[in-house]
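Down below is the structure, laid out as structure tokens.
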2 protein chains.
Amino acid sequence: MKVNVMTDILQANDLLARDIRNMFHDRKIVCWNVMGSPGAGKTAMLERLVPMLPVKVAVIEGDLATSRDAERISKTGVQSAQINTNGACHLDAAMVRSALDTIELDDISLLFIENVGNLVCPSGFDLGEKGRIIVASITEGDDKPEKYPSMYKTADLVVVNKMDMQENSNFKIENFEKGLKTINPSSDIVPVSSVTGEGFDKLLGWILDRQ
Amino acid sequence: MKVNVMTDILQANDLLARDIRNMFHDRKIVCWNVMGSPGAGKTAMLERLVPMLPVKVAVIEGDLATSRDAERISKTGVQSAQINTNGACHLDAAMVRSALDTIELDDISLLFIENVGNLVCPSGFDLGEKGRIIVASITEGDDKPEKYPSMYKTADLVVVNKMDMQENSNFKIENFEKGLKTINPSSDIVPVSSVTGEGFDKLLGWILDRQ
């Protein structure tokens, strides 16, 4: 019975995610589900990337509590909405559907949904996105793709953030890439620093190639 | 119905956790549930702490996949066991019960259980521990206690790790402490560096005071 209940939850989520995906398709909005550990730098990456984009953007922020991330994003001048999950460990399609009601969708062609900081649970929930971007921080260590395979195997792009901290770290990008390729050979990978701006030209190109 | 099923799971876990806690009490084993984000440095902290301890120790490692952490701990010369959750986002009491069967409990008086790297889900599952230690990395940012309250409110001790990376970081320990005190006024806090050894005398003292 327990399994059936979980199956029902996932089926309901998938049905709603399909509706959201169809709506994005009709409106020509490209949507990315941005995932990663707490403190990987998801919001910092978006703060740097969003002002570089030559298309109209909105950002939905998912957190257990506080509206800090949406406040940070709103300072870039784009539309932002905050979902508080009140303890839930991931966003689901129903939460996204509610947040979309607060955004002027006619005004945008690109949407980032920043998920709850969690390298496990968000991977199981389709939000209607075109694809998934995982933000990894080099300070997390280079062994994470193999230790968190359920998340990493769903990535279209892995942004390896905080490259400015390489000097004091034993992170080796070749180890990280090797692990990622074992789990998910088709994922792209872009090293960046949201502090120095390193790698953001390549990240911008990756996004615009799919716009 | 969904709520009832979740309640049943948690009740079953709590019953088993109570049995484990009673067993630890009878054997005079002190057990700490060590939690934190992926890459916060939970294993690195234990690698440095375990050889300093004047009591017999064992470590149970929880990961979605791989046995790397147990292999790292076994190099310190103490007993270690690896639980692979096969995708589950937290340890539960049944997993711990199985892992305990592989440890010579007569030989130890201190047990660390390193949970899955996740700042959300593990907080809901009692493992029979005496208390909880959260390892936070300064590279995660100083806003995490307020953003992940369900986890931080259960901590007996927060170990703030990677203090050696302070120079390149905008982490402010006073912001972190202020947030933690808002969520959990009774938690202790010890800043450390598993690289330089800073703070490990204080951490050792905290552990031994409760032994």
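Going by the structure tokens order, chains are called A, B, ..., each with residues numbered from 1, while ligands are numbered from 1 in the order shown.
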Residues of chain A within 7 Å of chain B, counting only C-alpha atoms, as a PyMOL selection string: chain A and resi 2+5+37-40+63-66+87+89+118-121+139-141+147-148+150+165+168
Include C-alpha atoms and write out the residues we just selected as a PDB file, in the first residue's frame.
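Writing the result to again33.pdb gives the following:
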```pdb
ATOM      1  CA  LYS A   2       2.835   2.371   0.826  1.00  0.00           C
ATOM      2  CA  VAL A   5       0.474   5.866  -2.409  1.00  0.00           C
ATOM      3  CA  SER A  37      23.455  21.207  -2.445  1.00  0.00           C
ATOM      4  CA  PRO A  38      22.733  23.911   0.127  1.00  0.00           C
ATOM      5  CA  GLY A  39      25.261  26.679  -0.421  1.00  0.00           C
ATOM      6  CA  ALA A  40      26.523  25.414  -3.795  1.00  0.00           C
ATOM      7  CA  ASP A  63      13.326  27.258  -0.052  1.00  0.00           C
ATOM      8  CA  LEU A  64      12.132  25.580   3.116  1.00  0.00           C
ATOM      9  CA  ALA A  65      11.921  28.996   4.774  1.00  0.00           C
ATOM     10  CA  THR A  66      12.719  32.712   4.261  1.00  0.00           C
ATOM     11  CA  GLY A  87       9.719  21.792   5.461  1.00  0.00           C
ATOM     12  CA  CYS A  89      12.654  18.686   0.806  1.00  0.00           C
ATOM     13  CA  ASN A 118      19.253  19.130  -1.684  1.00  0.00           C
ATOM     14  CA  LEU A 119      21.311  16.708  -3.762  1.00  0.00           C
ATOM     15  CA  VAL A 120      18.804  13.849  -3.425  1.00  0.00           C
ATOM     16  CA  CYS A 121      15.045  14.421  -3.339  1.00  0.00           C
ATOM     17  CA  THR A 139      34.358  22.917  -1.918  1.00  0.00           C
ATOM     18  CA  GLU A 140      31.931  19.961  -1.817  1.00  0.00           C
ATOM     19  CA  GLY A 141      34.697  17.721  -3.180  1.00  0.00           C
ATOM     20  CA  LYS A 147      28.016   9.566  -4.361  1.00  0.00           C
ATOM     21  CA  TYR A 148      24.765  11.241  -5.501  1.00  0.00           C
ATOM     22  CA  SER A 150      20.235   9.800  -8.732  1.00  0.00           C
ATOM     23  CA  MET A 165      38.542  28.804  -4.313  1.00  0.00           C
ATOM     24  CA  ASN A 168      42.931  26.276  -1.073  1.00  0.00           C
TER      25      ASN A 168
END
```
Test item: residues at most 9 Å from Ile29 of chain A, only C-alpha atoms, excluding those fewer than 3 positions along its chain, as a ChimeraX atom specification: /A:23-26,105,108-111,211
Emit the selected residues as a PDB file, in the first residue's frame, including C-alpha atoms.
```pdb
ATOM      1  CA  MET A  23       1.990  25.609 -21.447  1.00  0.00           C
ATOM      2  CA  PHE A  24       5.695  26.559 -21.656  1.00  0.00           C
ATOM      3  CA  HIS A  25       5.812  25.120 -25.171  1.00  0.00           C
ATOM      4  CA  ASP A  26       2.776  27.110 -26.297  1.00  0.00           C
ATOM      5  CA  LEU A 105       4.335  34.999 -18.408  1.00  0.00           C
ATOM      6  CA  ILE A 108       9.283  36.320 -20.493  1.00  0.00           C
ATOM      7  CA  SER A 109      10.929  33.728 -22.700  1.00  0.00           C
ATOM      8  CA  LEU A 110      13.237  32.152 -20.110  1.00  0.00           C
ATOM      9  CA  LEU A 111      12.476  30.852 -16.618  1.00  0.00           C
ATOM     10  CA  GLN A 211      16.821  29.387 -26.268  1.00  0.00           C
TER      11      GLN A 211
END
```
Surrounding residues of segment 178-192 of chain B excluding itself and chain neighbours under 5 positions, 7 Å, only C-alpha atoms, as a ChimeraX atom specification: /B:143,145-146,149,152-153,155-163,197-200,203
Test item, strand (DSSP E or B) assignment across segment 6-208 of chain A, answer as a ChimeraX atom specification: /A:30-35,57-63,79-84,110-114,131-137,157-161,188-191
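Minimum atom-to-atom distances from A:Phe171, A:Phe112, A:Trp206, A:Phe176 to Glu129 of chain A were compared using only C-alpha atoms, and the lowest value belongs to A:Phe112.
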Selection: 10 Å around segment 57-59 of chain B, only C-alpha atoms, excl. self and same-chain fewer than 6 positions, as a PyMOL selection string: chain B and resi 29-32+43+46+50-51+69-70+73-74+77-82+100+103-105+107-114
All residues 6 Å or closer to Asn115 of chain A, only C-alpha atoms, same chain fewer than 2 positions away omitted, as a VMD selection string: chain A and resid 34 to 35 62
I need the residues from that last selection saved to file as an mmCIF file, in the first residue's frame (with N, CA and C atoms), if you can.
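Final output, part-v7.cif:
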```cif
data_model
loop_
_atom_site.group_PDB
_atom_site.id
_atom_site.type_symbol
_atom_site.label_atom_id
_atom_site.label_comp_id
_atom_site.auth_asym_id
_atom_site.auth_seq_id
_atom_site.Cartn_x
_atom_site.Cartn_y
_atom_site.Cartn_z
ATOM 1 N N VAL A 34 16.976 24.299 -11.671
ATOM 2 C CA VAL A 34 18.339 24.478 -11.160
ATOM 3 C C VAL A 34 18.437 23.824 -9.776
ATOM 4 N N MET A 35 19.321 22.841 -9.677
ATOM 5 C CA MET A 35 19.395 22.052 -8.448
ATOM 6 C C MET A 35 20.826 22.024 -7.911
ATOM 7 N N GLY A 62 12.908 28.332 -4.648
ATOM 8 C CA GLY A 62 12.333 27.371 -3.719
ATOM 9 C C GLY A 62 13.194 27.235 -2.481
#
```
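Atom CA of Arg97 of chain A to atom CA of Ile207 of chain A spans 23.2 Å [interatomic distance, one decimal].
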Minimum-distance residue to Leu53 of chain A, chosen among A:Thr7, A:Asn33, A:Thr76, A:Thr85 (using only C-alpha atoms): A:Thr76
Atom CA of Ile173 of chain B to atom CA of Leu208 of chain B, distance in Å rounded to a single decimal: 24.7 Å
DSSP alpha helix (DSSP H) residues within segment 2-210 of chain B, listed as a ChimeraX atom specification: /B:2-27,42-49,68-74,93-100,144-147,149-152,173-183,200-209
